[in-house]
file run.cif (mmCIF, C-alpha atoms)
data_entry
loop_
_atom_site.group_PDB
_atom_site.id
_atom_site.type_symbol
_atom_site.label_atom_id
_atom_site.label_comp_id
_atom_site.auth_asym_id
_atom_site.auth_seq_id
_atom_site.Cartn_x
_atom_site.Cartn_y
_atom_site.Cartn_z
ATOM 1 C CA MET A 1 0.000 0.000 0.000
ATOM 2 C CA ASN A 2 1.070 3.641 -0.444
ATOM 3 C CA LEU A 3 0.549 6.982 1.260
ATOM 4 C CA THR A 4 2.069 10.443 1.224
ATOM 5 C CA CYS A 5 3.531 11.606 4.520
ATOM 6 C CA ILE A 6 2.226 15.032 5.598
ATOM 7 C CA VAL A 7 4.431 15.564 8.678
ATOM 8 C CA CYS A 8 7.082 17.724 7.001
ATOM 9 C CA PRO A 9 7.587 19.458 3.632
ATOM 10 C CA ASN A 10 9.371 16.426 2.109
ATOM 11 C CA GLY A 11 6.034 14.728 1.298
ATOM 12 C CA CYS A 12 7.656 11.302 1.230
ATOM 13 C CA GLN A 13 5.944 8.607 -0.808
ATOM 14 C CA ILE A 14 5.787 5.772 1.683
ATOM 15 C CA GLU A 15 5.155 2.148 0.858
ATOM 16 C CA TYR A 16 4.030 -0.381 3.452
ATOM 17 C CA ASP A 17 2.313 -3.717 3.826
ATOM 18 C CA LEU A 18 -0.835 -4.044 5.898
ATOM 19 C CA VAL A 19 -0.900 -7.162 8.093
ATOM 20 C CA GLU A 20 -3.579 -7.676 10.742
ATOM 21 C CA GLY A 21 -4.350 -3.933 10.849
ATOM 22 C CA LYS A 22 -0.717 -2.891 11.274
ATOM 23 C CA ALA A 23 1.756 -1.302 8.884
ATOM 24 C CA ILE A 24 4.898 -3.364 8.343
ATOM 25 C CA ASN A 25 7.813 -3.191 5.901
ATOM 26 C CA ILE A 26 7.604 0.607 5.913
ATOM 27 C CA LYS A 27 9.952 2.222 3.390
ATOM 28 C CA GLY A 28 10.343 5.482 1.513
ATOM 29 C CA ASN A 29 10.413 7.761 4.558
ATOM 30 C CA LYS A 30 13.384 10.130 4.675
ATOM 31 C CA CYS A 31 13.109 10.714 8.430
ATOM 32 C CA PRO A 32 11.876 8.808 11.511
ATOM 33 C CA ARG A 33 8.746 10.968 11.631
ATOM 34 C CA GLY A 34 7.533 9.347 8.396
ATOM 35 C CA PHE A 35 7.789 5.921 9.986
ATOM 36 C CA ALA A 36 5.767 7.024 13.039
ATOM 37 C CA TYR A 37 3.249 8.843 10.816
ATOM 38 C CA THR A 38 2.628 5.702 8.779
ATOM 39 C CA GLU A 39 2.088 3.545 11.865
ATOM 40 C CA ASN A 40 -0.362 6.095 13.293
ATOM 41 C CA GLU A 41 -2.169 6.773 10.012
ATOM 42 C CA VAL A 42 -2.918 3.077 9.580
ATOM 43 C CA THR A 43 -4.061 2.384 13.155
ATOM 44 C CA ALA A 44 -5.545 5.693 14.437
ATOM 45 C CA PRO A 45 -5.501 8.564 11.924
ATOM 46 C CA SER A 46 -5.819 12.029 13.471
ATOM 47 C CA ARG A 47 -5.582 15.651 12.369
ATOM 48 C CA MET A 48 -5.162 19.141 13.797
ATOM 49 C CA ILE A 49 -8.041 21.412 12.823
ATOM 50 C CA THR A 50 -7.703 25.137 12.163
ATOM 51 C CA SER A 51 -10.683 27.362 11.499
ATOM 52 C CA THR A 52 -12.349 30.602 12.598
ATOM 53 C CA VAL A 53 -15.311 31.530 14.797
ATOM 54 C CA GLN A 54 -17.461 34.649 14.825
ATOM 55 C CA ILE A 55 -16.358 37.350 17.249
ATOM 56 C CA SER A 56 -18.219 40.492 18.302
ATOM 57 C CA ASN A 57 -16.799 43.812 19.492
ATOM 58 C CA ALA A 58 -13.365 43.220 17.930
ATOM 59 C CA LEU A 59 -11.344 44.777 15.118
ATOM 60 C CA TYR A 60 -11.969 41.679 12.967
ATOM 61 C CA ARG A 61 -15.164 39.675 12.488
ATOM 62 C CA ARG A 62 -13.522 36.232 12.746
ATOM 63 C CA LEU A 63 -11.205 34.764 15.407
ATOM 64 C CA PRO A 64 -8.709 32.096 14.292
ATOM 65 C CA VAL A 65 -8.891 28.897 16.351
ATOM 66 C CA ILE A 66 -7.113 25.541 16.471
ATOM 67 C CA THR A 67 -7.529 22.227 18.231
ATOM 68 C CA SER A 68 -5.400 21.802 21.347
ATOM 69 C CA LYS A 69 -4.172 18.477 19.963
ATOM 70 C CA PRO A 70 -5.035 16.211 17.016
ATOM 71 C CA ILE A 71 -8.554 14.807 16.836
ATOM 72 C CA PRO A 72 -9.607 11.453 15.373
ATOM 73 C CA LYS A 73 -10.022 11.870 11.619
ATOM 74 C CA GLY A 74 -13.582 10.518 11.834
ATOM 75 C CA LYS A 75 -14.609 13.445 14.067
ATOM 76 C CA ILE A 76 -13.612 16.237 11.662
ATOM 77 C CA PHE A 77 -17.117 17.048 10.404
ATOM 78 C CA GLU A 78 -18.634 16.915 13.897
ATOM 79 C CA VAL A 79 -15.922 19.253 15.213
ATOM 80 C CA MET A 80 -16.389 21.648 12.289
ATOM 81 C CA SER A 81 -20.143 21.686 12.892
ATOM 82 C CA GLU A 82 -19.601 22.814 16.496
ATOM 83 C CA ILE A 83 -17.080 25.438 15.408
ATOM 84 C CA GLU A 84 -19.535 26.851 12.833
ATOM 85 C CA LYS A 85 -22.161 27.380 15.566
ATOM 86 C CA CYS A 86 -19.743 29.148 17.917
ATOM 87 C CA SER A 87 -19.720 32.888 18.544
ATOM 88 C CA VAL A 88 -17.599 34.765 21.117
ATOM 89 C CA GLN A 89 -17.183 38.323 22.377
ATOM 90 C CA ALA A 90 -13.954 40.262 22.648
ATOM 91 C CA PRO A 91 -11.633 40.459 24.462
ATOM 92 C CA ILE A 92 -10.081 37.049 23.770
ATOM 93 C CA LYS A 93 -6.537 36.040 24.687
ATOM 94 C CA ILE A 94 -4.333 33.647 22.732
ATOM 95 C CA ASN A 95 -4.719 30.019 23.929
ATOM 96 C CA GLN A 96 -8.032 30.827 25.645
ATOM 97 C CA VAL A 97 -10.418 27.864 25.462
ATOM 98 C CA ILE A 98 -13.259 28.669 23.094
ATOM 99 C CA ILE A 99 -14.987 25.255 23.088
ATOM 100 C CA ASN A 100 -14.269 22.808 25.895
ATOM 101 C CA LYS A 101 -14.080 19.103 24.972
ATOM 102 C CA VAL A 102 -15.356 19.590 21.440
ATOM 103 C CA ALA A 103 -17.569 16.860 19.929
ATOM 104 C CA GLY A 104 -17.309 14.674 23.028
ATOM 105 C CA THR A 105 -13.516 14.395 22.787
ATOM 106 C CA ASP A 106 -10.865 15.423 25.295
ATOM 107 C CA VAL A 107 -9.726 18.126 22.852
ATOM 108 C CA ASP A 108 -10.409 21.857 23.257
ATOM 109 C CA ILE A 109 -10.790 24.500 20.578
ATOM 110 C CA ILE A 110 -8.453 27.352 21.525
ATOM 111 C CA ALA A 111 -7.869 30.881 20.216
ATOM 112 C CA SER A 112 -4.753 31.139 18.093
ATOM 113 C CA ARG A 113 -4.487 34.921 18.568
ATOM 114 C CA SER A 114 -5.594 37.626 20.950
ATOM 115 C CA LEU A 115 -8.254 40.166 19.968
ATOM 116 C CA ASP A 116 -9.008 43.207 22.104
ATOM 117 C CA LYS A 117 -12.423 44.771 22.552
ATOM 118 C CA ILE A 118 -13.074 47.891 20.471
#

call {"tool": "encode", "arguments": {"input": "run.cif", "output": "structure tokens"}}
result
Amino acid sequence: MNLTCIVCPNGCQIEYDLVEGKAINIKGNKCPRGFAYTENEVTAPSRMITSTVQISNALYRRLPVITSKPIPKGKIFEVMSEIEKCSVQAPIKINQVIINKVAGTDVDIIASRSLDKI
């Protein structure tokens, strides 16, 4: 089987065999991160999510947000649905929790910048 590693800019084309739900004979990675990425992608794929939420009383109308850690790939649409419904009021500080335990996970949605009240 094949996949493209997304951990670094190299975009290594990785080949592996799938045996009993595990990746073996992994080759094509130029760094150890590609090996770990392949193992994780096969057994428990996850992604960081970046987006924006509505914000009132701030210089801008949208506040950039990010997940506090990767979420299971299967939860992406559920997480995005919760983010779309979210609205906050300034002031907001960077790393402030915007949504606690999003989509029933142990992951928070946090502000990725500060916005003062105007």

call {"tool": "resolve_selection", "arguments": {"input": "run.cif", "expression": "the PyMOL selection byres ((chain A and resi 81-91) around 9)", "output": "list of chain:residue names"}}
result
A:Ser51, A:Thr52, A:Val53, A:Gln54, A:Ile55, A:Ser56, A:Asn57, A:Ala58, A:Leu63, A:Val65, A:Ile76, A:Phe77, A:Glu78, A:Val79, A:Met80, A:Ile92, A:Lys93, A:Ile98, A:Ile99, A:Val102, A:Ala103, A:Ile109, A:Ser114, A:Leu115, A:Asp116, A:Lys117, A:Ile118

call {"tool": "atom_distance", "arguments": {"input": "run.cif", "atom1": "CA of Leu3 in chain A", "atom2": "CA of Tyr16 in chain A"}}
result
8.4 Å

call {"tool": "closest_residue", "arguments": {"input": "run.cif", "among": "A:Gly21, A:Gly104, A:Ile110, A:Lys73", "to": "Thr50 in chain A", "atoms": "only C-alpha atoms"}}
result
A:Ile110

call {"tool": "atom_distance", "arguments": {"input": "run.cif", "atom1": "CA of Met1 in chain A", "atom2": "CA of Leu18 in chain A"}}
result
7.2 Å

call {"tool": "residues_around", "arguments": {"input": "run.cif", "residues": "Val7 in chain A", "least_positions_apart": "5", "cutoff": "12 Å", "atoms": "all atoms listed in the file", "output": "PyMOL selection string"}}
result
chain A and resi 12-13+29-38+40-41+46-48

call {"tool": "atom_distance", "arguments": {"input": "run.cif", "atom1": "CA of Ile66 in chain A", "atom2": "CA of Gly11 in chain A"}}
result
22.8 Å

call {"tool": "resolve_selection", "arguments": {"input": "run.cif", "expression": "the PyMOL selection byres ((chain A and resi 95) around 6)", "output": "MDAnalysis selection string"}}
result
chainID A and resid 94 96 110:112

call {"tool": "closest_residue", "arguments": {"input": "run.cif", "among": "A:Pro64, A:Ile49, A:Gly74, A:Ile26", "to": "Val107 in chain A", "atoms": "all atoms listed in the file"}}
result
A:Ile49

call {"tool": "axis_aligned_box", "arguments": {"input": "run.cif", "around": "range 112-116 of chain A", "padding_each_side": "5 Å", "output": "AutoDock Vina command-line options"}}
result
--center_x -6.7 --center_y 37.2 --center_z 20.1 --size_x 14.5 --size_y 22.1 --size_z 14.0

call {"tool": "decode", "arguments": {"input": "run.cif", "residues": "range 66-77 of chain A", "atoms": "all heavy atoms", "output": "CSV table (one decimal), in the first residue's frame"}}
result
chain,number,residue,atom,x,y,z
A,66,ILE,N,-7.8,26.8,16.8
A,66,ILE,CA,-7.1,25.5,16.5
A,66,ILE,C,-7.4,24.5,17.6
A,66,ILE,O,-7.8,24.9,18.7
A,66,ILE,CB,-5.6,25.8,16.3
A,66,ILE,CG1,-4.9,24.5,15.8
A,66,ILE,CG2,-5.0,26.2,17.7
A,66,ILE,CD1,-3.4,24.8,15.3
A,67,THR,N,-7.4,23.3,17.2
A,67,THR,CA,-7.5,22.2,18.2
A,67,THR,C,-6.3,22.2,19.1
A,67,THR,O,-5.2,22.5,18.7
A,67,THR,CB,-7.7,20.8,17.6
A,67,THR,OG1,-6.7,20.6,16.6
A,67,THR,CG2,-9.1,20.7,16.9
A,68,SER,N,-6.5,21.9,20.4
A,68,SER,CA,-5.4,21.8,21.3
A,68,SER,C,-4.5,20.6,21.1
A,68,SER,O,-3.3,20.6,21.5
A,68,SER,CB,-5.9,21.8,22.8
A,68,SER,OG,-6.8,20.6,23.0
A,69,LYS,N,-5.0,19.6,20.4
A,69,LYS,CA,-4.2,18.5,20.0
A,69,LYS,C,-4.9,17.8,18.8
A,69,LYS,O,-6.1,18.1,18.6
A,69,LYS,CB,-3.9,17.5,21.1
A,69,LYS,CG,-5.1,16.9,21.8
A,69,LYS,CD,-4.7,16.0,23.0
A,69,LYS,CE,-5.9,15.4,23.6
A,69,LYS,NZ,-5.5,14.6,24.8
A,70,PRO,N,-4.3,16.9,18.1
A,70,PRO,CA,-5.0,16.2,17.0
A,70,PRO,C,-6.3,15.5,17.5
A,70,PRO,O,-6.4,15.0,18.6
A,70,PRO,CB,-4.0,15.2,16.5
A,70,PRO,CG,-2.7,15.7,16.9
A,70,PRO,CD,-2.9,16.4,18.3
A,71,ILE,N,-7.3,15.5,16.6
A,71,ILE,CA,-8.6,14.8,16.8
A,71,ILE,C,-8.6,13.6,15.9
A,71,ILE,O,-8.0,13.6,14.9
A,71,ILE,CB,-9.8,15.7,16.6
A,71,ILE,CG1,-9.8,16.2,15.1
A,71,ILE,CG2,-9.8,16.9,17.6
A,71,ILE,CD1,-11.2,16.7,14.7
A,72,PRO,N,-9.4,12.6,16.3
A,72,PRO,CA,-9.6,11.5,15.4
A,72,PRO,C,-10.2,11.9,14.0
A,72,PRO,O,-11.1,12.8,14.0
A,72,PRO,CB,-10.6,10.6,16.1
A,72,PRO,CG,-10.5,11.0,17.5
A,72,PRO,CD,-10.1,12.4,17.5
A,73,LYS,N,-9.6,11.4,13.0
A,73,LYS,CA,-10.0,11.9,11.6
A,73,LYS,C,-11.5,11.7,11.4
A,73,LYS,O,-12.1,12.6,10.7
A,73,LYS,CB,-9.2,11.1,10.6
A,73,LYS,CG,-9.3,11.6,9.2
A,73,LYS,CD,-8.3,10.8,8.3
A,73,LYS,CE,-8.4,11.2,6.9
A,73,LYS,NZ,-7.6,10.4,6.0
A,74,GLY,N,-12.1,10.7,12.0
A,74,GLY,CA,-13.6,10.5,11.8
A,74,GLY,C,-14.4,11.6,12.5
A,74,GLY,O,-15.7,11.6,12.3
A,75,LYS,N,-13.9,12.4,13.3
A,75,LYS,CA,-14.6,13.4,14.1
A,75,LYS,C,-14.5,14.8,13.4
A,75,LYS,O,-15.1,15.8,13.9
A,75,LYS,CB,-14.1,13.6,15.5
A,75,LYS,CG,-14.4,12.4,16.4
A,75,LYS,CD,-15.7,12.7,17.0
A,75,LYS,CE,-16.0,11.7,18.2
A,75,LYS,NZ,-17.3,12.0,18.8
A,76,ILE,N,-13.8,14.9,12.3
A,76,ILE,CA,-13.6,16.2,11.7
A,76,ILE,C,-14.9,17.0,11.4
A,76,ILE,O,-15.1,18.1,11.8
A,76,ILE,CB,-12.8,16.1,10.4
A,76,ILE,CG1,-11.3,15.7,10.7
A,76,ILE,CG2,-12.8,17.4,9.6
A,76,ILE,CD1,-10.5,15.4,9.5
A,77,PHE,N,-15.9,16.4,10.8
A,77,PHE,CA,-17.1,17.0,10.4
A,77,PHE,C,-17.9,17.4,11.6
A,77,PHE,O,-18.5,18.5,11.7
A,77,PHE,CB,-17.9,16.2,9.4
A,77,PHE,CG,-17.3,16.1,8.1
A,77,PHE,CD1,-16.8,14.9,7.7
A,77,PHE,CD2,-17.2,17.2,7.2
A,77,PHE,CE1,-16.1,14.8,6.4
A,77,PHE,CE2,-16.6,17.1,6.0
A,77,PHE,CZ,-16.1,15.9,5.6
